[in-house]
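*Asks:* Pasting entry-v6.cif here (mmCIF, C-alpha atoms and all ligand atoms):
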```
data_model
#
loop_
_atom_site.label_atom_id
_atom_site.label_comp_id
_atom_site.auth_asym_id
_atom_site.auth_seq_id
_atom_site.Cartn_x
_atom_site.Cartn_y
_atom_site.Cartn_z
CA MET A 1 -49.39 17.32 33.10
CA LYS A 2 -45.97 15.89 33.91
CA GLU A 3 -44.93 18.99 35.86
CA LYS A 4 -48.26 19.04 37.65
CA ILE A 5 -47.93 15.47 38.89
CA ARG A 6 -44.29 15.97 39.81
CA ASN A 7 -45.14 18.99 41.95
CA LEU A 8 -48.03 17.16 43.54
CA PHE A 9 -45.76 14.26 44.42
CA ILE A 10 -43.09 16.51 45.91
CA GLU A 11 -45.72 18.35 47.93
CA LYS A 12 -47.05 15.10 49.38
CA PHE A 13 -43.91 13.04 49.82
CA ALA A 14 -41.07 15.61 49.85
CA LYS A 15 -38.86 13.74 47.38
CA GLU A 16 -38.31 13.49 43.64
CA PRO A 17 -40.43 10.83 41.82
CA SER A 18 -39.93 8.81 38.66
CA ILE A 19 -42.77 9.47 36.22
CA PHE A 20 -44.47 7.11 33.79
CA ARG A 21 -47.49 7.37 31.54
CA SER A 22 -49.85 5.03 29.73
CA PRO A 23 -52.40 5.99 27.08
CA GLY A 24 -56.09 5.30 26.63
CA ARG A 25 -57.26 3.73 23.37
CA VAL A 26 -59.85 3.80 20.64
CA ASN A 27 -60.85 0.74 18.68
CA ILE A 28 -61.55 1.12 14.98
CA LEU A 29 -63.29 -2.24 14.60
CA GLY A 30 -63.38 -5.66 16.25
CA GLU A 31 -65.54 -5.34 19.34
CA HIS A 32 -66.02 -8.26 21.73
CA THR A 33 -63.75 -10.33 19.53
CA ASP A 34 -60.64 -10.30 21.75
CA TYR A 35 -61.82 -12.85 24.31
CA ASN A 36 -62.99 -15.03 21.43
CA GLU A 37 -59.42 -15.29 20.18
CA GLY A 38 -60.26 -13.08 17.20
CA PHE A 39 -58.77 -9.87 15.83
CA VAL A 40 -59.01 -6.29 17.08
CA LEU A 41 -57.88 -2.96 15.62
CA PRO A 42 -57.20 -0.51 18.44
CA ALA A 43 -54.98 2.57 18.53
CA ALA A 44 -53.47 4.34 21.54
CA ILE A 45 -54.56 7.96 21.88
CA ASP A 46 -52.82 11.03 23.23
CA LYS A 47 -54.69 10.96 26.53
CA TYR A 48 -52.80 9.45 29.41
CA ILE A 49 -52.72 8.23 32.95
CA TYR A 50 -49.60 9.57 34.68
CA LEU A 51 -48.00 7.83 37.62
CA ALA A 52 -45.35 9.48 39.81
CA ILE A 53 -43.66 6.96 42.06
CA SER A 54 -40.78 6.40 44.45
CA LYS A 55 -39.56 3.40 46.46
CA ARG A 56 -39.67 3.40 50.25
CA ASN A 57 -37.33 1.73 52.71
CA ASP A 58 -40.22 0.22 54.64
CA ASP A 59 -43.35 -1.76 53.79
CA SER A 60 -45.92 1.03 53.47
CA VAL A 61 -47.72 1.64 50.24
CA ASN A 62 -49.16 5.16 50.01
CA LEU A 63 -51.30 6.05 47.04
CA TYR A 64 -52.95 9.33 46.13
CA ALA A 65 -55.45 9.85 43.28
CA ALA A 66 -55.51 13.48 42.19
CA ASP A 67 -58.87 13.10 40.40
CA PHE A 68 -60.64 12.02 43.55
CA ASN A 69 -58.42 13.90 46.00
CA GLU A 70 -58.21 10.64 47.93
CA ASN A 71 -55.41 8.83 49.75
CA TYR A 72 -55.11 5.10 50.20
CA SER A 73 -52.51 3.40 52.37
CA THR A 74 -51.74 -0.23 53.02
CA ASP A 75 -48.87 -2.60 53.78
CA ILE A 76 -47.04 -4.38 50.96
CA ASN A 77 -47.40 -7.67 52.86
CA HIS A 78 -51.18 -7.31 53.14
CA ILE A 79 -52.28 -6.50 49.61
CA LYS A 80 -55.95 -7.32 49.07
CA ARG A 81 -58.96 -6.07 47.16
CA SER A 82 -60.27 -2.82 48.56
CA ASN A 83 -63.56 -0.93 48.54
CA THR A 84 -61.70 1.99 46.99
CA GLN A 85 -62.20 1.14 43.35
CA TRP A 86 -59.43 3.30 41.87
CA ALA A 87 -56.87 1.75 44.24
CA ASN A 88 -57.80 -1.75 43.07
CA TYR A 89 -56.25 -1.14 39.66
CA LEU A 90 -52.88 -0.51 41.30
CA LEU A 91 -53.23 -3.12 44.03
CA GLY A 92 -54.26 -5.76 41.49
CA VAL A 93 -50.96 -5.23 39.68
CA VAL A 94 -48.95 -5.50 42.91
CA ASP A 95 -50.83 -8.71 43.67
CA GLN A 96 -49.92 -10.07 40.21
CA LEU A 97 -46.24 -9.41 40.87
CA GLN A 98 -46.44 -11.13 44.22
CA GLN A 99 -48.26 -14.08 42.67
CA LYS A 100 -45.33 -14.40 40.28
CA GLY A 101 -42.92 -14.53 43.21
CA PHE A 102 -41.50 -11.00 43.07
CA THR A 103 -40.77 -9.37 46.41
CA ILE A 104 -40.96 -5.60 46.43
CA SER A 105 -40.76 -3.03 49.21
CA GLY A 106 -43.27 -0.30 49.92
CA PHE A 107 -43.63 2.73 47.65
CA ASP A 108 -45.35 6.11 47.36
CA ALA A 109 -47.33 6.95 44.26
CA VAL A 110 -49.52 9.71 42.86
CA ILE A 111 -51.86 9.04 40.00
CA ASP A 112 -53.39 11.63 37.69
CA GLY A 113 -54.43 11.83 34.07
CA ASN A 114 -56.66 13.21 31.37
CA ILE A 115 -58.42 10.08 30.09
CA PRO A 116 -62.09 10.62 30.89
CA ILE A 117 -63.23 7.96 33.36
CA GLY A 118 -66.08 5.64 32.38
CA ALA A 119 -65.96 6.81 28.77
CA GLY A 120 -64.87 3.45 27.36
CA LEU A 121 -61.38 4.78 26.57
CA SER A 122 -59.72 2.26 28.89
CA SER A 123 -58.59 4.50 31.68
CA SER A 124 -58.51 1.43 33.93
CA ALA A 125 -56.17 -0.48 31.60
CA ALA A 126 -53.98 2.63 31.46
CA VAL A 127 -53.74 2.71 35.27
CA GLU A 128 -52.76 -0.97 35.29
CA CYS A 129 -50.18 -0.51 32.55
CA ALA A 130 -48.67 2.60 34.14
CA THR A 131 -48.43 0.75 37.45
CA ILE A 132 -46.70 -2.27 36.01
CA ILE A 133 -44.15 -0.38 33.90
CA ALA A 134 -43.41 1.84 36.90
CA LEU A 135 -42.90 -1.05 39.33
CA ASN A 136 -40.91 -2.98 36.74
CA SER A 137 -38.62 -0.02 36.34
CA ILE A 138 -38.09 1.16 39.92
CA PHE A 139 -37.61 -2.37 41.25
CA ASN A 140 -35.62 -3.61 38.22
CA LEU A 141 -37.85 -6.63 37.70
CA GLY A 142 -36.74 -7.24 34.13
CA LEU A 143 -40.21 -8.06 32.79
CA ALA A 144 -40.84 -8.04 29.06
CA ARG A 145 -43.59 -5.78 27.72
CA ILE A 146 -45.77 -8.70 26.69
CA GLU A 147 -45.53 -10.27 30.15
CA MET A 148 -46.51 -6.97 31.71
CA THR A 149 -49.47 -6.73 29.34
CA ALA A 150 -50.79 -10.11 30.45
CA MET A 151 -50.31 -9.23 34.12
CA ALA A 152 -52.15 -5.93 33.71
CA GLN A 153 -55.05 -7.84 32.12
CA LYS A 154 -55.05 -10.37 34.95
CA ALA A 155 -55.18 -7.53 37.50
CA GLU A 156 -58.42 -6.39 35.86
CA HIS A 157 -59.86 -9.91 36.18
CA THR A 158 -58.95 -10.40 39.80
CA TYR A 159 -59.22 -6.94 41.36
CA ALA A 160 -61.77 -5.17 39.15
CA GLY A 161 -63.86 -8.29 38.54
CA VAL A 162 -64.13 -7.81 34.76
CA ASN A 163 -63.15 -10.84 32.75
CA CYS A 164 -61.78 -8.65 29.96
CA GLY A 165 -59.82 -9.66 26.87
CA ILE A 166 -56.31 -8.43 26.07
CA MET A 167 -57.15 -5.52 23.74
CA ASP A 168 -57.08 -2.56 26.11
CA GLN A 169 -53.89 -3.43 27.93
CA PHE A 170 -52.20 -4.41 24.67
CA ALA A 171 -53.08 -1.11 23.00
CA SER A 172 -51.93 0.85 26.03
CA MET A 173 -48.59 -0.99 26.04
CA PHE A 174 -47.88 -1.32 22.32
CA GLY A 175 -49.56 1.75 20.75
CA LYS A 176 -47.73 3.70 18.06
CA ALA A 177 -48.63 7.22 16.93
CA GLY A 178 -50.23 7.34 13.50
CA HIS A 179 -51.08 3.65 13.56
CA ALA A 180 -53.73 1.18 14.60
CA ILE A 181 -52.63 -2.25 15.82
CA LYS A 182 -54.03 -5.25 14.03
CA LEU A 183 -53.78 -7.77 16.82
CA ASP A 184 -54.41 -11.48 16.59
CA CYS A 185 -55.68 -12.16 20.09
CA ARG A 186 -54.87 -15.84 19.84
CA SER A 187 -51.22 -15.78 18.82
CA LEU A 188 -50.64 -12.17 20.00
CA GLU A 189 -48.94 -11.52 16.68
CA TYR A 190 -49.51 -7.94 15.65
CA GLU A 191 -48.98 -5.54 12.85
CA TYR A 192 -49.05 -1.73 12.81
CA VAL A 193 -51.55 -0.49 10.25
CA PRO A 194 -51.07 3.17 9.20
CA LEU A 195 -54.20 5.14 10.05
CA LYS A 196 -54.48 7.08 6.81
CA LEU A 197 -57.84 8.75 7.17
CA ASP A 198 -57.49 11.18 4.27
CA GLY A 199 -59.64 14.15 5.12
CA TYR A 200 -61.45 12.44 7.99
CA ARG A 201 -61.02 12.76 11.73
CA ILE A 202 -61.84 10.31 14.49
CA VAL A 203 -64.42 12.00 16.69
CA LEU A 204 -65.48 10.49 20.00
CA LEU A 205 -68.87 11.40 21.36
CA ASN A 206 -69.21 10.63 25.04
CA THR A 207 -72.73 9.79 26.20
CA ASN A 208 -71.65 10.57 29.76
CA VAL A 209 -73.46 7.49 30.98
CA LYS A 210 -72.05 4.24 32.29
CA HIS A 211 -74.87 1.89 33.14
CA ASN A 212 -74.00 -0.37 36.02
CA LEU A 213 -74.89 -3.44 34.01
CA ALA A 214 -71.59 -3.04 32.20
CA SER A 215 -69.36 -5.48 34.05
CA SER A 216 -71.94 -8.15 34.88
CA GLU A 217 -73.34 -8.23 31.33
CA TYR A 218 -69.81 -8.26 29.95
CA ASN A 219 -69.01 -11.41 31.92
CA ILE A 220 -72.32 -12.97 30.82
CA ARG A 221 -71.51 -12.32 27.12
CA ARG A 222 -68.21 -14.04 27.58
CA GLN A 223 -69.94 -17.08 29.09
CA GLN A 224 -72.49 -17.15 26.27
CA CYS A 225 -69.69 -17.26 23.70
CA GLU A 226 -68.01 -20.10 25.59
CA TYR A 227 -71.30 -21.96 25.76
CA GLY A 228 -71.74 -21.59 21.99
CA VAL A 229 -68.26 -23.01 21.44
CA SER A 230 -69.01 -25.97 23.72
CA LEU A 231 -72.11 -26.83 21.67
CA ILE A 232 -70.02 -27.00 18.51
CA ALA A 233 -67.05 -28.68 20.18
CA ALA A 234 -69.35 -31.54 21.19
CA HIS A 235 -69.37 -32.46 17.46
CA HIS A 236 -66.02 -30.99 16.44
CA PRO A 237 -63.57 -31.29 19.33
CA GLU A 238 -60.92 -29.35 17.38
CA ILE A 239 -63.00 -26.15 17.78
CA LYS A 240 -61.58 -24.19 20.71
CA SER A 241 -63.04 -20.71 20.26
CA LEU A 242 -65.40 -18.68 18.07
CA ARG A 243 -62.34 -17.77 16.04
CA ASP A 244 -62.43 -21.30 14.66
CA THR A 245 -66.14 -21.52 13.88
CA THR A 246 -68.14 -20.83 10.76
CA LEU A 247 -71.63 -19.38 10.44
CA GLU A 248 -72.72 -22.71 9.06
CA GLN A 249 -71.61 -24.55 12.20
CA LEU A 250 -73.43 -22.00 14.33
CA ARG A 251 -76.63 -22.56 12.35
CA LYS A 252 -76.29 -26.29 12.63
CA TYR A 253 -75.26 -26.81 16.24
CA VAL A 254 -76.13 -23.67 18.19
CA GLU A 255 -79.29 -22.13 16.70
CA PRO A 256 -81.56 -25.15 17.34
CA VAL A 257 -80.37 -25.51 20.94
CA ASP A 258 -80.27 -21.90 22.07
CA PRO A 259 -81.33 -19.05 19.74
CA LEU A 260 -80.00 -16.32 22.06
CA THR A 261 -76.54 -17.88 22.23
CA TYR A 262 -76.71 -18.23 18.45
CA GLN A 263 -77.32 -14.48 18.05
CA ARG A 264 -74.39 -13.64 20.29
CA CYS A 265 -72.00 -16.01 18.51
CA LYS A 266 -73.16 -15.00 15.05
CA TYR A 267 -72.32 -11.38 15.80
CA VAL A 268 -68.80 -12.34 16.90
CA VAL A 269 -68.06 -14.48 13.85
CA GLU A 270 -69.36 -11.76 11.52
CA GLU A 271 -67.39 -9.07 13.34
CA ASN A 272 -64.20 -11.01 13.02
CA ASN A 273 -64.70 -11.38 9.26
CA ARG A 274 -65.62 -7.71 9.02
CA LEU A 275 -62.38 -6.69 10.70
CA LEU A 276 -60.25 -8.50 8.17
CA GLU A 277 -62.08 -6.68 5.38
CA ALA A 278 -61.77 -3.36 7.24
CA CYS A 279 -57.99 -3.70 7.27
CA LYS A 280 -58.08 -3.92 3.48
CA ASP A 281 -60.23 -0.75 3.38
CA LEU A 282 -57.66 1.06 5.47
CA GLN A 283 -54.82 -0.09 3.26
CA GLU A 284 -56.71 1.11 0.19
CA GLY A 285 -57.74 4.37 1.86
CA ASN A 286 -61.40 3.48 1.34
CA ILE A 287 -62.88 5.34 4.29
CA LYS A 288 -66.45 5.09 3.03
CA SER A 289 -66.29 1.34 2.96
CA LEU A 290 -64.66 1.24 6.40
CA GLY A 291 -67.39 3.54 7.70
CA GLU A 292 -70.16 1.30 6.37
CA LYS A 293 -68.64 -1.58 8.30
CA MET A 294 -68.68 0.49 11.47
CA PHE A 295 -72.42 1.06 11.08
CA LYS A 296 -72.89 -2.68 10.56
CA THR A 297 -70.89 -3.39 13.69
CA HIS A 298 -73.09 -1.04 15.66
CA ASN A 299 -76.17 -2.76 14.38
CA GLY A 300 -74.77 -6.12 15.45
CA LEU A 301 -73.76 -4.86 18.89
CA SER A 302 -77.12 -3.24 19.43
CA TYR A 303 -79.54 -5.89 18.13
CA PHE A 304 -77.69 -9.18 18.36
CA TYR A 305 -75.00 -8.79 20.99
CA GLN A 306 -77.21 -6.36 22.93
CA VAL A 307 -74.55 -4.34 24.68
CA SER A 308 -75.68 -0.90 23.50
CA CYS A 309 -78.08 1.51 25.22
CA LYS A 310 -80.51 4.19 24.13
CA GLU A 311 -77.95 6.98 24.44
CA LEU A 312 -75.43 5.23 22.16
CA ASP A 313 -78.14 4.22 19.70
CA PHE A 314 -79.38 7.79 19.53
CA LEU A 315 -75.93 9.12 18.64
CA VAL A 316 -75.30 6.53 15.94
CA ALA A 317 -78.78 6.92 14.41
CA TYR A 318 -78.31 10.69 14.31
CA VAL A 319 -75.01 10.66 12.43
CA SER A 320 -76.12 7.89 10.08
CA LYS A 321 -78.24 10.53 8.30
CA LEU A 322 -75.35 12.93 7.77
CA PRO A 323 -73.49 12.57 4.47
CA TYR A 324 -70.23 13.81 5.97
CA VAL A 325 -70.04 11.05 8.58
CA ALA A 326 -68.56 7.96 6.93
CA GLY A 327 -69.23 5.63 9.84
CA ALA A 328 -70.00 5.41 13.53
CA ARG A 329 -70.56 2.83 16.22
CA MET A 330 -70.51 2.31 19.94
CA MET A 331 -67.02 1.53 21.15
CA GLY A 332 -65.66 -0.73 23.88
CA GLY A 333 -67.56 -2.97 26.27
CA GLY A 334 -70.86 -1.11 25.92
CA PHE A 335 -73.74 0.14 28.12
CA GLY A 336 -72.44 3.69 27.88
CA GLY A 337 -69.18 5.40 27.08
CA CYS A 338 -68.40 6.79 23.65
CA THR A 339 -69.31 6.35 20.05
CA ILE A 340 -66.46 6.50 17.54
CA ASN A 341 -67.20 8.48 14.38
CA LEU A 342 -65.32 9.07 11.13
CA VAL A 343 -66.14 12.66 10.22
CA GLU A 344 -65.04 14.85 7.30
CA GLU A 345 -62.43 17.19 8.70
CA ASP A 346 -64.10 20.48 7.86
CA LYS A 347 -67.44 19.35 9.26
CA VAL A 348 -66.25 18.32 12.70
CA GLU A 349 -67.25 21.53 14.45
CA GLU A 350 -70.62 21.67 12.76
CA LEU A 351 -71.34 18.10 13.81
CA ILE A 352 -70.34 18.63 17.42
CA SER A 353 -72.45 21.71 17.87
CA GLN A 354 -75.52 20.15 16.17
CA ILE A 355 -75.43 16.81 17.86
CA SER A 356 -74.65 18.23 21.30
CA LYS A 357 -77.87 20.24 21.20
CA ALA A 358 -79.93 17.33 19.91
CA TYR A 359 -78.51 14.91 22.50
CA GLU A 360 -79.03 17.28 25.37
CA GLN A 361 -82.59 17.88 24.32
CA GLU A 362 -83.43 14.22 23.81
CA MET A 363 -81.53 12.65 26.72
CA ASN A 364 -81.33 15.51 29.14
CA LEU A 365 -77.63 14.86 29.48
CA PRO A 366 -74.55 16.76 28.36
CA LEU A 367 -72.54 15.39 25.45
CA THR A 368 -68.77 15.64 25.45
CA ALA A 369 -66.80 15.44 22.22
CA TYR A 370 -63.11 14.71 21.65
CA ILE A 371 -61.04 14.50 18.53
CA ALA A 372 -58.89 11.41 18.94
CA ILE A 373 -55.24 11.87 18.05
CA THR A 374 -53.18 8.69 18.11
CA GLY A 375 -50.23 8.41 20.46
CA ASN A 376 -47.51 6.03 21.63
CA GLY A 377 -47.75 3.22 24.14
CA SER A 378 -46.69 3.18 27.80
CA GLU A 379 -43.42 4.97 28.47
CA THR A 380 -41.23 6.59 31.05
CA CYS A 381 -41.37 10.40 31.14
CA ASN A 382 -38.09 11.07 32.90
C1 LIG B 401 -63.66 -3.91 27.04
C2 LIG B 401 -62.65 -5.01 27.37
C3 LIG B 401 -61.89 -5.46 26.13
C4 LIG B 401 -62.84 -5.79 24.98
C5 LIG B 401 -63.88 -4.68 24.80
C6 LIG B 401 -64.94 -5.08 23.81
O1 LIG B 401 -63.00 -2.75 26.64
O2 LIG B 401 -61.73 -4.56 28.34
O3 LIG B 401 -61.07 -6.55 26.43
O4 LIG B 401 -63.44 -7.04 25.16
O5 LIG B 401 -64.53 -4.34 26.02
O6 LIG B 401 -64.39 -5.22 22.56
#
```
Could the structure of this file be written out as structure tokens, please?
Ligand code: GLA

*Replies:*
Amino acid sequence: MKEKIRNLFIEKFAKEPSIFRSPGRVNILGEHTDYNEGFVLPAAIDKYIYLAISKRNDDSVNLYAADFNENYSTDINHIKRSNTQWANYLLGVVDQLQQKGFTISGFDAVIDGNIPIGAGLSSSAAVECATIIALNSIFNLGLARIEMTAMAQKAEHTYAGVNCGIMDQFASMFGKAGHAIKLDCRSLEYEYVPLKLDGYRIVLLNTNVKHNLASSEYNIRRQQCEYGVSLIAAHHPEIKSLRDTTLEQLRKYVEPVDPLTYQRCKYVVEENNRLLEACKDLQEGNIKSLGEKMFKTHNGLSYFYQVSCKELDFLVAYVSKLPYVAGARMMGGGFGGCTINLVEEDKVEELISQISKAYEQEMNLPLTAYIAITGNGSETCN
């Protein structure tokens, strides 16, 4: 992949690039908890976005996306949101730097990768992270990793229009092979938890759908959580996020006023508690117990948080009947993308072949399966 992007860059721009890469991520548990200041448990995977880049002596910015075979050019002094969606992830990062007062010249860049797009594996966060570590390096900006993480997240808010939490960018920046990251999304304190899955593999089943509700409904969920908090804070001003609330407070102050908001908030509070227990399961190597929690999470996301879809529900219902699948759930923002499954190692192939046929028959869509191998966070490849 590195050689491929290097050659592509040389072909297009006739000079030698610097090369960087940022990984996609899975999330073991803790969905829709990050923007509620809760905990998440993601891991970087060995699928990457690669960025080949070189400074220019003038103000032009020339981008090329290998996946789309598309060019995009602009002027560094006129960075704005574009109708070319893939370019927005890079431009949003440049805009963040400029907002912080950094002045950079033009540059040439080629972007390529093997993270499937729209699969809920955070290819967009990986583009943002690769862009920021690349610009930080070639322009010697001296930014710390955590600052870059926050700027990559902000780029998603402003240029992609998704009011996301910090999980995806954090995982892509701080991932460590063989480990999940237990991240406290309030303090940003984190801990690497060894992913000892004794005899199990992480299998991702891609529905190959991405319903276009995804970003608007995502932003609505975030507002609903904030509304729930405001109902409680009216009585307990010290409550600042769902992280601080109890189920009892939700029953008392939210349920009578707005039952739908109550359902949303209840899911989040339960999920946060579940994550803390799941970390103990991992430490004890109790994969069965971890798997059961994943099924519970799916149930919550599907019925109470309502961010699933029939394709995801089909996949989870199917594996829930198989004794060799310890757990499964939809992963990421929802409305399409992948399910994450814990599958007994020697049954992985059997599962993939069975479920692919069943899914294709039922949904009239292809199913794509990947075995997730953990990897390291964003890095230079030179
Ligand atoms: C998307 C967002 C994350 C997180 C997940 C849901 O991936 O980018 O910040 O909220 O959805 O857990």

*Asks:* Mind checking which residues fall within 12 Å of Glu360 of chain A, counting all atoms listed in the file, ignoring those fewer than 3 positions away in the same chain, and posting them as a PyMOL selection string?

*Replies:* chain A and resi 206-208+311+314-315+352-357+363-368

*Asks:* Let me have all residues with an atom within 6 Å of ligand LIG 401 (chain B), counting only C-alpha atoms and all ligand atoms, laid out as a list in words.

*Replies:*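 The residues near ligand LIG 401 (chain B) are Glu31, His32, Thr33, Asp34, Cys164, Gly165, Ile166, Met167, Asp168, Gly332 and Gly333 of chain A.
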
*Asks:* With a distance cut-off of 9 Å and all atoms listed in the file, select the neighbouring residues of Asp95 of chain A, excluding the residue or stretch itself and same-chain residues fewer than 6 positions from it, and output the selection as a list in words.

*Replies:*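 Non-adjacent residues within range: Ile79, Lys80, Ala155 and Tyr159 of chain A.
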
*Asks:* Those selected residues, please, written with C-alpha atoms and delivered as an mmCIF file, in the coordinates of the input.

*Replies:*
```cif
data_model
loop_
_atom_site.group_PDB
_atom_site.id
_atom_site.type_symbol
_atom_site.label_atom_id
_atom_site.label_comp_id
_atom_site.auth_asym_id
_atom_site.auth_seq_id
_atom_site.Cartn_x
_atom_site.Cartn_y
_atom_site.Cartn_z
ATOM 1 C CA ILE A 79 -52.280 -6.500 49.610
ATOM 2 C CA LYS A 80 -55.950 -7.320 49.070
ATOM 3 C CA ALA A 155 -55.180 -7.530 37.500
ATOM 4 C CA TYR A 159 -59.220 -6.940 41.360
#
```

*Asks:* Have a look at atom CA of Asn27 of chain A and atom CA of Gly161 of chain A and let me know their distance in Å, one decimal.

*Replies:* 22.0 Å

*Asks:* Mind giving me the straight-line distance from atom CA of Ala152 of chain A to atom CA of Ile104 of chain A in Å, one decimal?

*Replies:* 16.9 Å

*Asks:* Could you please give me, as a ChimeraX atom specification, the residues of protein, DNA or RNA lying at most 10 Å from (-69.5, -8.5, 31.9) in the coordinate frame of the file, considering all atoms listed in the file?

*Replies:* /A:161-164,213-223,307,333-334

*Asks:* May I have the residues at most 7 Å from (-58.6, 8.5, 14.7) in the file's coordinates, counting all atoms listed in the file, as a PyMOL selection string?

*Replies:* chain A and resi 201-202+372-374
